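Comments concern the structure below.
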Amino acid sequence: MTVWETAAALVMMAAGSIYGTKKKAWGRRALFFKVLATMSGVLLSLQSALLTPELWRWLLTAGLLLCVAADVLLEIQLLAGVSFFGAAHLCFLGASFCLGGWKLPAAGMALILYGIFFLSFRRYLPKLGNLLVPGLIYPALLCLMAGTAVLASCGEAGQAPATFGAGGLLFVASDYLLAERVLGKSRKGQNMAVLILYYGAVYLIALG
């Protein structure tokens, strides 16, 4: 682990913990720490992109930067935040395609992950109203991103570090728990679990 990687991990853990524990008490003022945690991943990814200027690294950095914007917008307007996360996943998808993650098995994995989402939350679909279309499209994009990231990280076609695929899967797990919370299936400790998985995803993708 390099000095930059260690520093990013420490900042992310500290800032993420402050946000998670102070969000209710501080309101939107706690967003500073949420942004700081994600920005540490952006800077780590940017350093890699500057040292090894390949398109896929720049796409990862752009995606993580969009996650920073999404972090803020999610607290202000849900649909705007989801849209920016969707744009981030498009960047991650682009990176996966650059690294050979476009093969057919990626689509199969994406379908399995999407099926889990659909079966888990299908009874809530009629209640989404105007959010129904985004509620169907976003998980599909998320699951496709994870599937291609995993394929890009393993097998003969894979050229990405294993951390990229692991980060994609953690993103899916984080959003799954977040969907449960938003739809009223909140459990004790779920908020912190969402943050741990999310920042784990950001960090692992940044290592890519």
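Identifiers for the structure tokens are assigned positionally: chains receive A, B, ... in sequence, residues are indexed from 1 per chain, and ligands are indexed from 1 in the order shown.
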Please report, as a tab-separated table, each residue of segment 19-51 of chain A lying at most 7 Å from segment 66-81 of chain A, together with the nearest pair of atoms and the separation in Å rounded to one decimal; use only C-alpha atoms, and order rows by chain and ascending residue number.
residue	atom	partner	partner_atom	distance
A:Leu31	CA	A:Val72	CA	6.7
A:Val35	CA	A:Val68	CA	5.8
A:Thr38	CA	A:Val68	CA	6.0
A:Met39	CA	A:Val68	CA	6.6
Writer output for current selection, N, CA and C atoms, as an mmCIF file, in the first residue's frame:
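Writing done, so here's part.cif:
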data_model
loop_
_atom_site.group_PDB
_atom_site.id
_atom_site.type_symbol
_atom_site.label_atom_id
_atom_site.label_comp_id
_atom_site.auth_asym_id
_atom_site.auth_seq_id
_atom_site.Cartn_x
_atom_site.Cartn_y
_atom_site.Cartn_z
ATOM 1 N N LEU A 31 -22.597 17.474 4.926
ATOM 2 C CA LEU A 31 -22.268 17.122 3.549
ATOM 3 C C LEU A 31 -20.798 17.369 3.229
ATOM 4 N N VAL A 35 -18.616 14.733 1.094
ATOM 5 C CA VAL A 35 -17.875 15.095 -0.111
ATOM 6 C C VAL A 35 -16.378 14.843 0.069
ATOM 7 N N THR A 38 -15.503 11.130 -0.430
ATOM 8 C CA THR A 38 -15.505 10.692 -1.824
ATOM 9 C C THR A 38 -14.385 11.357 -2.620
ATOM 10 N N MET A 39 -14.082 12.620 -2.301
ATOM 11 C CA MET A 39 -13.023 13.341 -3.006
ATOM 12 C C MET A 39 -11.668 12.696 -2.796
#
Show me, as JSON lines, the residues of segment 107-169 of chain A having an atom within 12 Å of segment 193-199 of chain A, each with the closest atom pair and its distance in Å, using only C-alpha atoms.
{"residue": "A:Ala166", "atom": "CA", "partner": "A:Leu197", "partner_atom": "CA", "distance": 10.8}
{"residue": "A:Gly167", "atom": "CA", "partner": "A:Tyr198", "partner_atom": "CA", "distance": 8.7}
{"residue": "A:Gly168", "atom": "CA", "partner": "A:Tyr198", "partner_atom": "CA", "distance": 9.9}
{"residue": "A:Leu169", "atom": "CA", "partner": "A:Leu197", "partner_atom": "CA", "distance": 9.4}
*From the set A:Ala9, A:Leu113, A:Leu170, A:Ala106, which residue has the shortest atom-to-atom contact distance to Ala152 of chain A, counting only C-alpha atoms?*
A:Ala106
*asked:* For Ala110 of chain A, find every residue with an atom within 9 Å (counting only C-alpha atoms), except residues of its own chain fewer than 2 positions away, and show them as a PyMOL selection string.
replied: chain A and resi 105-108+112-115+140-148
For the residues in the current selection, export N, CA, C and O atoms as an mmCIF file, in the first residue's frame.
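Saved result, result-v3.cif, follows:
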data_model
loop_
_atom_site.group_PDB
_atom_site.id
_atom_site.type_symbol
_atom_site.label_atom_id
_atom_site.label_comp_id
_atom_site.auth_asym_id
_atom_site.auth_seq_id
_atom_site.Cartn_x
_atom_site.Cartn_y
_atom_site.Cartn_z
ATOM 1 N N PRO A 105 -20.532 -13.024 -20.846
ATOM 2 C CA PRO A 105 -20.735 -13.374 -19.430
ATOM 3 C C PRO A 105 -21.075 -12.182 -18.540
ATOM 4 O O PRO A 105 -21.773 -12.336 -17.537
ATOM 5 N N ALA A 106 -20.607 -10.995 -18.916
ATOM 6 C CA ALA A 106 -20.924 -9.796 -18.128
ATOM 7 C C ALA A 106 -22.421 -9.521 -18.152
ATOM 8 O O ALA A 106 -23.015 -9.139 -17.138
ATOM 9 N N ALA A 107 -23.052 -9.732 -19.315
ATOM 10 C CA ALA A 107 -24.497 -9.535 -19.426
ATOM 11 C C ALA A 107 -25.239 -10.548 -18.573
ATOM 12 O O ALA A 107 -26.250 -10.214 -17.932
ATOM 13 N N GLY A 108 -24.739 -11.789 -18.533
ATOM 14 C CA GLY A 108 -25.368 -12.806 -17.697
ATOM 15 C C GLY A 108 -25.299 -12.450 -16.225
ATOM 16 O O GLY A 108 -26.299 -12.588 -15.498
ATOM 17 N N ILE A 112 -28.484 -11.525 -13.585
ATOM 18 C CA ILE A 112 -28.679 -12.165 -12.280
ATOM 19 C C ILE A 112 -28.824 -11.114 -11.186
ATOM 20 O O ILE A 112 -29.743 -11.178 -10.358
ATOM 21 N N LEU A 113 -27.929 -10.135 -11.197
ATOM 22 C CA LEU A 113 -27.979 -9.075 -10.187
ATOM 23 C C LEU A 113 -29.268 -8.266 -10.305
ATOM 24 O O LEU A 113 -29.915 -7.938 -9.303
ATOM 25 N N TYR A 114 -29.643 -7.962 -11.550
ATOM 26 C CA TYR A 114 -30.876 -7.190 -11.762
ATOM 27 C C TYR A 114 -32.096 -7.991 -11.324
ATOM 28 O O TYR A 114 -33.053 -7.429 -10.772
ATOM 29 N N GLY A 115 -32.056 -9.298 -11.576
ATOM 30 C CA GLY A 115 -33.160 -10.151 -11.138
ATOM 31 C C GLY A 115 -33.333 -10.123 -9.627
ATOM 32 O O GLY A 115 -34.462 -10.126 -9.128
ATOM 33 N N ALA A 140 -30.600 -1.401 -13.573
ATOM 34 C CA ALA A 140 -30.082 -2.099 -14.755
ATOM 35 C C ALA A 140 -28.698 -1.586 -15.112
ATOM 36 O O ALA A 140 -27.770 -2.370 -15.404
ATOM 37 N N LEU A 141 -28.535 -0.263 -15.075
ATOM 38 C CA LEU A 141 -27.243 0.346 -15.376
ATOM 39 C C LEU A 141 -26.205 -0.032 -14.322
ATOM 40 O O LEU A 141 -25.057 -0.370 -14.636
ATOM 41 N N LEU A 142 -26.630 0.000 -13.067
ATOM 42 C CA LEU A 142 -25.747 -0.367 -11.959
ATOM 43 C C LEU A 142 -25.263 -1.815 -12.095
ATOM 44 O O LEU A 142 -24.062 -2.097 -11.951
ATOM 45 N N CYS A 143 -26.189 -2.716 -12.364
ATOM 46 C CA CYS A 143 -25.845 -4.140 -12.452
ATOM 47 C C CYS A 143 -24.981 -4.436 -13.675
ATOM 48 O O CYS A 143 -24.075 -5.281 -13.611
ATOM 49 N N LEU A 144 -25.235 -3.736 -14.781
ATOM 50 C CA LEU A 144 -24.400 -3.907 -15.966
ATOM 51 C C LEU A 144 -22.986 -3.410 -15.692
ATOM 52 O O LEU A 144 -22.004 -4.037 -16.105
ATOM 53 N N MET A 145 -22.880 -2.295 -14.988
ATOM 54 C CA MET A 145 -21.566 -1.780 -14.608
ATOM 55 C C MET A 145 -20.805 -2.803 -13.782
ATOM 56 O O MET A 145 -19.626 -3.083 -14.027
ATOM 57 N N ALA A 146 -21.483 -3.381 -12.786
ATOM 58 C CA ALA A 146 -20.823 -4.354 -11.911
ATOM 59 C C ALA A 146 -20.406 -5.597 -12.697
ATOM 60 O O ALA A 146 -19.300 -6.108 -12.523
ATOM 61 N N GLY A 147 -21.289 -6.081 -13.563
ATOM 62 C CA GLY A 147 -20.981 -7.266 -14.351
ATOM 63 C C GLY A 147 -19.777 -7.064 -15.256
ATOM 64 O O GLY A 147 -18.882 -7.925 -15.332
ATOM 65 N N THR A 148 -19.727 -5.932 -15.943
ATOM 66 C CA THR A 148 -18.597 -5.665 -16.839
ATOM 67 C C THR A 148 -17.324 -5.403 -16.049
ATOM 68 O O THR A 148 -16.228 -5.772 -16.483
#
*asked:* Under the rule that only C-alpha atoms are counted, which of A:Leu132, A:Tyr176, A:Val3, A:Ala88 is the nearest residue to Leu119 of chain A?
replied: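 Nearest to Leu119 of chain A: A:Tyr176.
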_Would you compute the distance between atom CA of Val42 of chain A and atom CA of Ala206 of chain A? Give it in Å to one decimal._
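About the pair atom CA of Val42 of chain A and atom CA of Ala206 of chain A: they are 6.7 Å apart.
Going from atom CA of Cys91 of chain A over to atom CA of Val133 of chain A, you cover 20.9 Å.
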*Do you know which residues are at most 12 Å from Ser96 of chain A counting only C-alpha atoms, after dropping those on the same chain fewer than 5 positions away, and could you put them as a PyMOL selection string?*
chain A and resi 55-60+63+89-91+101-103+106+144-154+157-161+164-165+168+205+208
Once you have the residues from the selection above, write them out as a CSV table (one decimal), in the first residue's frame, restricted to N, CA, C and O atoms.
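File written: part.csv
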chain,number,residue,atom,x,y,z
A,55,LEU,N,-7.0,5.9,-21.1
A,55,LEU,CA,-8.4,6.4,-21.2
A,55,LEU,C,-9.2,5.8,-20.0
A,55,LEU,O,-10.0,6.5,-19.4
A,56,TRP,N,-9.0,4.5,-19.7
A,56,TRP,CA,-9.9,3.9,-18.7
A,56,TRP,C,-9.7,4.5,-17.3
A,56,TRP,O,-10.6,4.6,-16.6
A,57,ARG,N,-8.4,4.9,-17.1
A,57,ARG,CA,-8.2,5.6,-15.8
A,57,ARG,C,-8.9,6.9,-15.7
A,57,ARG,O,-9.4,7.3,-14.6
A,58,TRP,N,-8.9,7.7,-16.8
A,58,TRP,CA,-9.5,9.0,-16.8
A,58,TRP,C,-11.1,8.8,-16.7
A,58,TRP,O,-11.7,9.6,-16.1
A,59,LEU,N,-11.6,7.7,-17.3
A,59,LEU,CA,-13.0,7.4,-17.2
A,59,LEU,C,-13.4,7.1,-15.7
A,59,LEU,O,-14.4,7.5,-15.2
A,60,LEU,N,-12.5,6.3,-15.0
A,60,LEU,CA,-12.8,6.0,-13.6
A,60,LEU,C,-12.8,7.3,-12.8
A,60,LEU,O,-13.6,7.5,-11.9
A,63,GLY,N,-15.9,9.3,-13.4
A,63,GLY,CA,-17.0,8.6,-12.8
A,63,GLY,C,-17.1,8.9,-11.3
A,63,GLY,O,-18.1,9.2,-10.7
A,89,HIS,N,-21.9,5.7,-13.5
A,89,HIS,CA,-21.9,4.3,-13.9
A,89,HIS,C,-21.6,4.1,-15.4
A,89,HIS,O,-20.9,3.2,-15.8
A,90,LEU,N,-22.0,5.1,-16.2
A,90,LEU,CA,-21.7,5.1,-17.6
A,90,LEU,C,-20.2,5.3,-17.8
A,90,LEU,O,-19.6,4.6,-18.7
A,91,CYS,N,-19.6,6.1,-17.0
A,91,CYS,CA,-18.2,6.3,-17.1
A,91,CYS,C,-17.4,5.0,-16.7
A,91,CYS,O,-16.5,4.6,-17.4
A,101,GLY,N,-14.2,-5.8,-20.7
A,101,GLY,CA,-15.4,-6.3,-19.9
A,101,GLY,C,-16.7,-6.3,-20.6
A,101,GLY,O,-17.7,-6.5,-20.0
A,102,TRP,N,-16.6,-6.3,-22.0
A,102,TRP,CA,-17.9,-6.3,-22.7
A,102,TRP,C,-18.4,-7.6,-23.2
A,102,TRP,O,-19.4,-7.7,-23.9
A,103,LYS,N,-17.7,-8.7,-22.8
A,103,LYS,CA,-18.1,-10.0,-23.2
A,103,LYS,C,-19.4,-10.5,-22.7
A,103,LYS,O,-19.9,-9.9,-21.7
A,106,ALA,N,-20.6,-11.0,-18.9
A,106,ALA,CA,-20.9,-9.8,-18.1
A,106,ALA,C,-22.4,-9.5,-18.2
A,106,ALA,O,-23.0,-9.1,-17.1
A,144,LEU,N,-25.2,-3.7,-14.8
A,144,LEU,CA,-24.4,-3.9,-16.0
A,144,LEU,C,-23.0,-3.4,-15.7
A,144,LEU,O,-22.0,-4.0,-16.1
A,145,MET,N,-22.9,-2.3,-15.0
A,145,MET,CA,-21.6,-1.8,-14.6
A,145,MET,C,-20.8,-2.8,-13.8
A,145,MET,O,-19.6,-3.1,-14.0
A,146,ALA,N,-21.5,-3.4,-12.8
A,146,ALA,CA,-20.8,-4.4,-11.9
A,146,ALA,C,-20.4,-5.6,-12.7
A,146,ALA,O,-19.3,-6.1,-12.5
A,147,GLY,N,-21.3,-6.1,-13.6
A,147,GLY,CA,-21.0,-7.3,-14.4
A,147,GLY,C,-19.8,-7.1,-15.3
A,147,GLY,O,-18.9,-7.9,-15.3
A,148,THR,N,-19.7,-5.9,-15.9
A,148,THR,CA,-18.6,-5.7,-16.8
A,148,THR,C,-17.3,-5.4,-16.0
A,148,THR,O,-16.2,-5.8,-16.5
A,149,ALA,N,-17.4,-4.8,-14.9
A,149,ALA,CA,-16.3,-4.5,-14.0
A,149,ALA,C,-15.7,-5.8,-13.6
A,149,ALA,O,-14.4,-6.0,-13.6
A,150,VAL,N,-16.5,-6.8,-13.1
A,150,VAL,CA,-16.0,-8.1,-12.7
A,150,VAL,C,-15.3,-8.8,-13.8
A,150,VAL,O,-14.2,-9.3,-13.7
A,151,LEU,N,-15.9,-8.8,-15.0
A,151,LEU,CA,-15.3,-9.5,-16.2
A,151,LEU,C,-14.0,-8.8,-16.6
A,151,LEU,O,-13.1,-9.5,-17.0
A,152,ALA,N,-14.0,-7.5,-16.5
A,152,ALA,CA,-12.8,-6.7,-16.8
A,152,ALA,C,-11.6,-7.0,-15.9
A,152,ALA,O,-10.4,-6.8,-16.2
A,153,SER,N,-12.0,-7.6,-14.7
A,153,SER,CA,-11.0,-7.8,-13.6
A,153,SER,C,-10.5,-9.3,-13.6
A,153,SER,O,-9.6,-9.6,-12.8
A,154,CYS,N,-11.1,-10.1,-14.4
A,154,CYS,CA,-10.8,-11.6,-14.3
A,154,CYS,C,-10.9,-12.2,-15.6
A,154,CYS,O,-11.5,-11.7,-16.6
A,157,ALA,N,-9.8,-12.1,-20.8
A,157,ALA,CA,-10.1,-10.8,-21.4
A,157,ALA,C,-9.8,-9.7,-20.4
A,157,ALA,O,-9.6,-8.5,-20.8
A,158,GLY,N,-9.8,-10.0,-19.1
A,158,GLY,CA,-9.7,-9.0,-18.1
A,158,GLY,C,-8.3,-8.3,-18.0
A,158,GLY,O,-7.3,-9.0,-18.0
A,159,GLN,N,-8.3,-7.0,-18.0
A,159,GLN,CA,-7.0,-6.3,-17.9
A,159,GLN,C,-7.0,-5.4,-16.7
A,159,GLN,O,-6.0,-4.7,-16.4
A,160,ALA,N,-8.1,-5.3,-16.0
A,160,ALA,CA,-8.2,-4.4,-14.8
A,160,ALA,C,-7.8,-5.1,-13.5
A,160,ALA,O,-7.8,-6.3,-13.4
A,161,PRO,N,-7.3,-4.3,-12.5
A,161,PRO,CA,-7.0,-4.9,-11.2
A,161,PRO,C,-8.3,-5.5,-10.6
A,161,PRO,O,-9.4,-5.1,-10.9
A,164,PHE,N,-11.2,-3.3,-9.1
A,164,PHE,CA,-12.3,-2.7,-9.9
A,164,PHE,C,-13.6,-3.5,-9.9
A,164,PHE,O,-14.7,-3.0,-9.6
A,165,GLY,N,-13.5,-4.8,-10.1
A,165,GLY,CA,-14.6,-5.7,-10.0
A,165,GLY,C,-15.2,-5.7,-8.6
A,165,GLY,O,-16.4,-5.7,-8.5
A,168,GLY,N,-17.2,-2.6,-8.0
A,168,GLY,CA,-18.5,-2.7,-8.7
A,168,GLY,C,-19.5,-3.5,-7.9
A,168,GLY,O,-20.7,-3.1,-7.7
A,205,ILE,N,-12.6,1.2,-6.5
A,205,ILE,CA,-12.6,1.6,-7.9
A,205,ILE,C,-11.5,2.6,-8.1
A,205,ILE,O,-10.8,2.6,-9.2
A,208,GLY,N,-8.3,1.1,-9.0
A,208,GLY,CA,-8.2,0.6,-10.3
A,208,GLY,C,-7.3,1.4,-11.2
A,208,GLY,O,-6.7,0.9,-12.1
*Smallest atom-to-atom distance to Glu54 of chain A: which of A:Pro134, A:Ile116, A:Gly200, A:Ala95, using only C-alpha atoms?*
A:Ala95
*Please report, as a PyMOL selection string, each residue of chain A to which DSSP assigns alpha helix (DSSP H) when run on this structure's backbone.*
chain A and resi 3-26+31-51+55-76+78-98+104-121+132-153+162-182+190-207
